[in-house]
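**Q** Got model36.tsv for you, TSV, C-alpha atoms:
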chain	number	residue	atom	x	y	z
A	101	MET	CA	180.17	257.37	197.61
A	102	THR	CA	176.84	258.18	195.95
A	103	ALA	CA	176.16	256.79	192.49
A	104	THR	CA	173.34	257.56	190.09
A	105	PRO	CA	171.91	255.53	187.20
A	106	GLN	CA	173.61	257.97	184.83
A	107	ASP	CA	177.09	257.12	186.06
A	108	PRO	CA	179.10	255.24	183.43
A	109	PRO	CA	180.62	251.88	184.32
A	110	VAL	CA	184.31	251.34	184.93
A	111	THR	CA	185.52	248.88	182.31
A	112	CYS	CA	188.74	246.87	182.59
A	113	HIS	CA	189.98	245.14	179.44
A	114	PHE	CA	192.45	242.43	180.49
A	115	ILE	CA	195.10	242.43	177.75
A	116	GLY	CA	197.48	240.07	179.54
A	117	ASN	CA	199.90	239.79	182.47
A	118	ALA	CA	199.24	243.01	184.48
A	119	THR	CA	198.19	245.09	181.46
A	120	LEU	CA	194.69	246.54	181.71
A	121	LEU	CA	192.96	249.15	179.60
A	122	ILE	CA	190.67	250.94	182.07
A	123	ARG	CA	187.92	253.33	181.00
A	124	TYR	CA	185.48	255.47	182.92
A	125	GLY	CA	183.41	257.83	180.82
A	126	ASP	CA	185.89	259.84	178.77
A	127	VAL	CA	188.98	258.94	180.85
A	128	THR	CA	191.22	256.07	179.70
A	129	LEU	CA	194.17	254.59	181.60
A	130	LEU	CA	196.66	251.88	180.67
A	131	THR	CA	198.36	249.85	183.39
A	132	ASP	CA	201.76	248.13	183.34
A	133	PRO	CA	202.17	247.97	179.53
A	134	ASN	CA	203.61	244.58	178.56
A	135	PHE	CA	203.44	243.78	174.85
A	136	LEU	CA	206.30	241.34	174.38
A	137	HIS	CA	205.40	238.47	172.07
A	138	ARG	CA	205.27	234.83	173.03
A	139	GLY	CA	208.81	233.47	173.19
A	140	GLN	CA	210.46	236.84	173.82
A	141	TYR	CA	212.39	237.46	177.01
A	142	ALA	CA	211.60	240.02	179.68
A	143	TYR	CA	214.61	241.52	181.44
A	144	LEU	CA	214.32	241.47	185.22
A	145	GLY	CA	217.68	243.02	186.08
A	146	HIS	CA	220.98	241.66	187.35
A	147	GLY	CA	221.21	239.27	184.40
A	148	LEU	CA	217.84	237.63	185.07
A	149	VAL	CA	215.40	237.05	182.22
A	150	SER	CA	212.10	235.22	181.81
A	151	ARG	CA	210.45	233.94	178.63
A	152	ARG	CA	206.89	234.91	177.82
A	153	LEU	CA	204.61	231.90	177.40
A	154	LEU	CA	201.49	233.57	176.02
A	155	GLU	CA	200.87	236.15	173.31
A	156	PRO	CA	199.27	239.41	174.52
A	157	THR	CA	195.66	239.63	173.35
A	158	ARG	CA	196.29	243.07	171.86
A	159	GLY	CA	199.41	244.84	170.63
A	160	VAL	CA	200.46	248.45	171.00
A	161	ALA	CA	199.09	249.22	167.53
A	162	GLY	CA	195.70	247.91	168.65
A	163	LEU	CA	195.33	250.34	171.53
A	164	PRO	CA	192.66	253.01	171.16
A	165	ALA	CA	193.52	256.63	170.61
A	166	GLY	CA	193.14	259.02	173.51
A	167	ILE	CA	194.85	257.25	176.40
A	168	ASP	CA	195.12	259.84	179.16
A	169	ALA	CA	197.82	258.29	181.35
A	170	ILE	CA	199.76	255.14	182.17
A	171	VAL	CA	199.80	253.75	185.71
A	172	LEU	CA	203.06	251.83	186.14
A	173	SER	CA	203.56	249.80	189.32
A	174	HIS	CA	207.31	249.37	188.78
A	175	LEU	CA	210.03	249.16	186.17
A	176	HIS	CA	210.46	245.47	185.39
A	177	GLY	CA	210.58	243.96	181.91
A	178	ASP	CA	207.24	242.19	182.28
A	179	HIS	CA	205.51	245.47	183.19
A	180	TRP	CA	207.32	247.95	180.95
A	181	ASP	CA	209.10	246.33	178.02
A	182	ARG	CA	210.99	247.38	174.92
A	183	VAL	CA	207.92	246.93	172.69
A	184	ALA	CA	205.90	249.30	174.87
A	185	ARG	CA	208.78	251.77	175.14
A	186	ARG	CA	209.15	251.98	171.36
A	187	GLY	CA	205.46	251.90	170.50
A	188	LEU	CA	203.77	254.13	173.07
A	189	ASP	CA	203.49	257.89	172.67
A	190	PRO	CA	206.43	259.38	174.64
A	191	GLY	CA	204.23	262.37	175.46
A	192	LEU	CA	201.93	260.27	177.64
A	193	PRO	CA	201.96	260.97	181.37
A	194	VAL	CA	203.22	258.00	183.41
A	195	LEU	CA	202.28	257.82	187.09
A	196	THR	CA	204.80	255.61	188.86
A	197	THR	CA	207.38	255.27	191.63
A	198	PRO	CA	210.12	257.89	192.09
A	199	GLN	CA	212.77	255.40	190.97
A	200	ALA	CA	210.90	254.47	187.80
A	201	ALA	CA	210.02	258.09	187.00
A	202	ARG	CA	213.68	259.11	187.04
A	203	ARG	CA	214.67	256.31	184.67
A	204	LEU	CA	211.76	256.93	182.35
A	205	ARG	CA	212.63	260.60	182.02
A	206	ARG	CA	216.40	260.22	181.73
A	207	LEU	CA	216.82	256.96	179.83
A	208	HIS	CA	213.53	256.02	178.14
A	209	GLY	CA	212.45	259.35	176.67
A	210	PHE	CA	209.20	259.81	178.60
A	211	PRO	CA	209.53	263.37	179.95
A	212	HIS	CA	206.12	263.41	181.62
A	213	ALA	CA	206.77	260.51	183.97
A	214	THR	CA	205.54	261.64	187.39
A	215	ALA	CA	206.89	260.33	190.68
A	216	LEU	CA	204.33	259.42	193.31
A	217	GLU	CA	205.51	258.89	196.85
A	218	THR	CA	203.45	256.51	198.97
A	219	TRP	CA	199.99	258.00	199.72
A	220	GLN	CA	200.55	260.80	197.21
A	221	SER	CA	197.82	261.40	194.61
A	222	ARG	CA	197.35	262.82	191.12
A	223	THR	CA	194.02	263.39	189.36
A	224	VAL	CA	193.59	262.63	185.67
A	225	THR	CA	190.74	264.64	184.17
A	226	ALA	CA	188.74	264.72	180.96
A	227	ARG	CA	185.74	266.81	179.93
A	228	GLU	CA	183.17	264.91	182.00
A	229	THR	CA	184.92	262.47	184.32
A	230	GLN	CA	188.05	262.06	186.38
A	231	VAL	CA	190.12	259.45	188.20
A	232	THR	CA	192.35	260.13	191.18
A	233	VAL	CA	195.37	257.84	191.38
A	234	THR	CA	196.93	257.36	194.82
A	235	SER	CA	200.18	255.47	195.34
A	236	LEU	CA	199.81	252.73	197.94
A	237	PRO	CA	202.57	250.79	199.71
A	238	GLY	CA	204.04	247.74	198.03
A	239	GLN	CA	207.16	245.63	198.42
A	240	HIS	CA	208.50	243.13	195.89
A	241	ALA	CA	210.55	241.12	198.39
A	242	GLY	CA	212.15	241.29	201.80
A	243	GLY	CA	215.52	240.63	203.32
A	244	LEU	CA	218.70	240.77	201.27
A	245	LEU	CA	216.75	240.65	198.01
A	246	ARG	CA	214.85	243.87	198.62
A	247	PRO	CA	217.56	246.35	197.51
A	248	LEU	CA	218.13	244.34	194.31
A	249	LEU	CA	214.55	244.79	193.11
A	250	PRO	CA	212.88	247.98	191.88
A	251	GLN	CA	210.57	250.13	193.96
A	252	VAL	CA	206.96	249.01	193.53
A	253	MET	CA	203.67	250.68	194.28
A	254	GLY	CA	200.07	249.65	194.50
A	255	SER	CA	197.44	252.11	193.31
A	256	LEU	CA	194.02	253.25	194.45
A	257	LEU	CA	191.92	254.50	191.53
A	258	GLU	CA	188.90	256.60	192.50
A	259	PHE	CA	186.46	257.29	189.66
A	260	GLY	CA	183.85	260.02	189.56
A	261	PRO	CA	182.34	262.93	187.66
A	262	LEU	CA	184.56	265.89	186.92
A	263	GLY	CA	184.94	267.94	190.11
A	264	GLY	CA	182.69	265.56	192.04
A	265	PRO	CA	183.12	262.83	194.64
A	266	PRO	CA	184.30	259.33	193.73
A	267	VAL	CA	181.60	256.77	193.00
A	268	LEU	CA	183.79	253.67	192.55
A	269	ARG	CA	187.15	252.60	194.03
A	270	LEU	CA	189.55	250.13	192.44
A	271	TYR	CA	192.74	248.76	193.96
A	272	LEU	CA	195.73	247.59	191.89
A	273	SER	CA	198.10	245.60	194.05
A	274	GLY	CA	201.24	245.84	191.92
A	275	ASP	CA	203.88	243.15	192.38
A	276	THR	CA	203.80	243.18	196.16
A	277	LEU	CA	204.07	240.44	198.72
A	278	PRO	CA	201.48	240.63	201.53
A	279	PHE	CA	203.74	241.80	204.31
A	280	PRO	CA	201.52	242.43	207.37
A	281	PRO	CA	202.29	246.19	207.74
A	282	ILE	CA	201.42	246.75	204.07
A	283	VAL	CA	198.19	244.78	204.26
A	284	ALA	CA	197.17	246.51	207.50
A	285	ALA	CA	197.87	250.01	206.16
A	286	ILE	CA	195.87	249.47	202.98
A	287	ALA	CA	192.96	247.82	204.80
A	288	ARG	CA	192.84	250.69	207.29
A	289	ARG	CA	193.14	253.59	204.85
A	290	CYS	CA	191.26	252.11	201.87
A	291	PRO	CA	188.01	250.58	203.11
A	292	ASP	CA	184.98	249.88	200.92
A	293	LEU	CA	186.88	248.82	197.81
A	294	ASP	CA	184.62	247.94	194.90
A	295	LEU	CA	187.24	245.89	193.06
A	296	ALA	CA	190.69	244.57	193.96
A	297	VAL	CA	192.97	243.63	191.06
A	298	LEU	CA	195.62	241.28	192.46
A	299	HIS	CA	199.00	240.50	190.88
A	300	LEU	CA	199.55	236.81	191.49
A	301	GLY	CA	201.70	234.13	189.83
A	302	GLY	CA	204.01	233.15	192.67
A	303	THR	CA	206.94	234.57	190.72
A	304	THR	CA	210.03	232.69	191.91
A	305	LEU	CA	213.58	233.73	191.13
A	306	PRO	CA	216.64	231.45	191.11
A	307	GLY	CA	217.39	230.29	194.63
A	308	GLY	CA	213.68	229.97	195.41
A	309	PHE	CA	213.10	233.65	196.18
A	310	LEU	CA	209.40	234.51	195.99
A	311	VAL	CA	208.63	238.02	194.67
A	312	THR	CA	204.89	237.99	193.85
A	313	MET	CA	201.92	236.49	195.66
A	314	THR	CA	201.04	232.83	195.34
A	315	GLY	CA	197.39	231.91	194.95
A	316	ALA	CA	197.10	231.18	198.66
A	317	GLN	CA	198.68	234.49	199.61
A	318	GLY	CA	196.43	236.37	197.19
A	319	ALA	CA	193.32	234.80	198.71
A	320	GLY	CA	194.49	235.76	202.20
A	321	PHE	CA	195.16	239.30	201.02
A	322	ALA	CA	191.67	239.48	199.50
A	323	GLU	CA	190.11	238.28	202.74
A	324	ARG	CA	191.93	240.97	204.71
A	325	LEU	CA	191.09	243.80	202.29
A	326	ASP	CA	187.45	242.67	201.97
A	327	PRO	CA	186.68	244.17	198.54
A	328	GLU	CA	183.31	243.66	196.90
A	329	TRP	CA	184.92	241.89	193.92
A	330	VAL	CA	188.32	240.38	193.10
A	331	LEU	CA	190.01	240.21	189.69
A	332	PRO	CA	193.18	238.07	189.44
A	333	VAL	CA	195.87	239.04	186.92
A	334	HIS	CA	199.61	238.38	186.42
A	335	TYR	CA	199.68	234.59	186.34
A	336	GLU	CA	200.85	231.83	183.97
A	337	GLU	CA	202.42	234.35	181.55
A	338	TYR	CA	206.16	233.85	182.21
A	339	THR	CA	208.44	230.96	183.06
A	340	VAL	CA	209.19	232.41	186.51
A	341	MET	CA	205.51	232.22	187.51
A	342	LYS	CA	205.04	229.03	189.50
A	343	SER	CA	201.59	229.41	191.09
A	344	PRO	CA	198.77	228.91	188.52
A	345	LEU	CA	195.37	230.54	188.62
A	346	SER	CA	193.88	227.30	189.93
A	347	ASP	CA	195.82	227.79	193.20
A	348	PHE	CA	194.10	231.13	193.74
A	349	LEU	CA	190.64	229.84	192.83
A	350	HIS	CA	190.99	226.91	195.25
A	351	ALA	CA	192.24	229.13	198.08
A	352	LEU	CA	189.50	231.70	197.44
A	353	ARG	CA	186.81	229.02	197.70
A	354	GLN	CA	188.38	227.63	200.86
A	355	ARG	CA	188.05	231.05	202.48
A	356	GLY	CA	184.42	231.37	201.42
A	357	LEU	CA	185.19	234.13	198.92
A	358	GLY	CA	184.49	232.27	195.68
A	359	ALA	CA	181.40	234.36	194.94
A	360	ARG	CA	183.55	237.50	194.80
A	361	LEU	CA	185.66	236.29	191.88
A	362	VAL	CA	185.40	238.20	188.61
A	363	PRO	CA	185.99	235.45	185.99
A	364	CYS	CA	187.56	237.75	183.41
A	365	ALA	CA	189.96	235.86	181.15
A	366	ARG	CA	192.73	237.35	179.05
A	367	GLY	CA	191.22	239.27	176.15
A	368	GLU	CA	187.91	239.84	177.94
A	369	ARG	CA	186.51	242.99	179.51
A	370	VAL	CA	184.64	243.47	182.76
A	371	ALA	CA	182.23	246.36	183.31
A	372	LEU	CA	181.35	247.38	186.85
A	373	ARG	CA	178.90	249.94	188.16
A	374	PRO	CA	178.79	250.97	191.83
A	375	GLY	CA	176.62	248.55	193.75
A	376	GLY	CA	176.18	246.29	190.72
A	377	ARG	CA	177.47	242.91	189.64
A	378	PRO	CA	180.39	242.77	187.21
A	379	VAL	CA	179.50	242.01	183.60
A	380	VAL	CA	182.18	240.12	181.68
A	381	GLU	CA	182.16	240.23	177.89
A	382	ALA	CA	184.44	239.89	174.89
A	383	ALA	CA	186.44	243.06	174.30
A	384	PRO	CA	185.92	244.44	170.77
A	385	LEU	CA	189.01	245.27	168.74
A	386	ARG	CA	188.61	249.02	168.61
Once you've parsed the file, please lay out its structure as structure tokens.

**A**
Amino acid sequence: MTATPQDPPVTCHFIGNATLLIRYGDVTLLTDPNFLHRGQYAYLGHGLVSRRLLEPTRGVAGLPAGIDAIVLSHLHGDHWDRVARRGLDPGLPVLTTPQAARRLRRLHGFPHATALETWQSRTVTARETQVTVTSLPGQHAGGLLRPLLPQVMGSLLEFGPLGGPPVLRLYLSGDTLPFPPIVAAIARRCPDLDLAVLHLGGTTLPGGFLVTMTGAQGAGFAERLDPEWVLPVHYEEYTVMKSPLSDFLHALRQRGLGARLVPCARGERVALRPGGRPVVEAAPLR
């Protein structure tokens, strides 16, 4: 990857939970749109719900015009909710799992939902820049619980000039647990990551079933992937999330990775250029 001083930064505005507004030049992506209000319930399937504890830092009406695509890791109520479904433009492309794409097209009125099999890619282009989105393996849970939960994918986002090579690589974990074959496959096929965005929270369902990474698991995952920088998301937002951000920060320091943390709080934005240090700033309301 060869960058030049003229390359724009990748900016990630952390709206809340796993919702990011990501920009690179004239390409804009939205991830896992979750705009439920504080106190509302997210539906997790099979009669399970979870109450939102924090208000999103921006609503659907506050999103900028010109979003090019949505990257959806899976179809759960804290990643794609009824507020997003009603408020987002149904003409937007949605890059997601085969299972979610079918439901979005047939039941939710989003005809341009595109199914990505694992390792399959789609490129989103604008006039000057592009981002290639590749579906990476993910798994919400194992054992008997696995067939009861939706398909989930991680994503590799490769940013670069239109028609040119990528200059920055970003990994979105999705709601996966760090099963060894998944971690090994991603580490092998996706080296030299500039930024890893990890879904944490230690989401625990009734019966004690863990379905997202705890802080300790997230730190171990980060150590194995060895990205330049790490941005934690998806924590402390819902009642089912039992592992706070402090767990991750402690485990990251224990592994000697504290200097890689991007301290981007909800409502803030981080800007990252290839080879540079992340710059965290307040995200303007525009």

**Q** Dig up all the protein and nucleic acid residues within 7 Å of (196.0, 257.5, 196.1) in the file frame, using only C-alpha atoms, and format them as a VMD selection string.

**A** chain A and resid 219 to 221 232 to 236 255 to 257

**Q** Please determine, counting all atoms listed in the file, which residue among A:Arg369, A:His299, A:Arg377, A:Arg152 has the shortest atom-to-atom distance to Ser343 of chain A.

**A**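 Closest to Ser343 of chain A, using all atoms listed in the file: A:His299.
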
**Q** So how many Å separate atom CA of Val362 of chain A and atom CA of Ala296 of chain A, to one decimal?

**A**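 Atom CA of Ala296 of chain A lies at a distance of 9.9 Å from atom CA of Val362 of chain A.
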
**Q** If we count only C-alpha atoms and set the cut-off at 12 Å, which residues sit around Leu148 of chain A, ignoring sequence neighbours fewer than 6 positions away in its own chain? Please answer as a list in words.

**A**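 My list of contacting residues is Tyr141, Ala142, His176, Gly177, Asp178, Leu248, Leu249, Thr304, Leu305, Pro306, Thr339 and Val340 of chain A.
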
**Q** Smallest atom-to-atom distance to His334 of chain A: which of A:Val171, A:Ala215, A:Leu129, A:Val297, using all atoms listed in the file?

**A**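 That would be A:Val297, the residue with the smallest distance to His334 of chain A.
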
**Q** Could the residues of segment 107-151 of chain A that have an atom at most 12 Å from segment 290-295 of chain A be listed as CSV, each with its closest atom pair and the distance in Å to one decimal, counting only C-alpha atoms and ordered by chain and ascending residue number?

**A**
residue,atom,partner,partner_atom,distance
A:Pro109,CA,A:Asp294,CA,12.0
A:Val110,CA,A:Leu295,CA,10.2
A:Thr111,CA,A:Leu295,CA,11.3
A:Cys112,CA,A:Leu295,CA,10.6

**Q** Quick one: distance from atom CA of Ala351 of chain A to atom CA of Ala319 of chain A in Å, one decimal?

**A**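 Here the two named atoms are 5.8 Å from each other.
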
**Q** Nearest to Leu352 of chain A among A:Ser150, A:Met253, A:Trp329, A:Leu195, with distances taken over all atoms listed in the file: which residue is it?

**A**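 Residue with the minimum atom-to-atom distance to Leu352 of chain A: A:Trp329.
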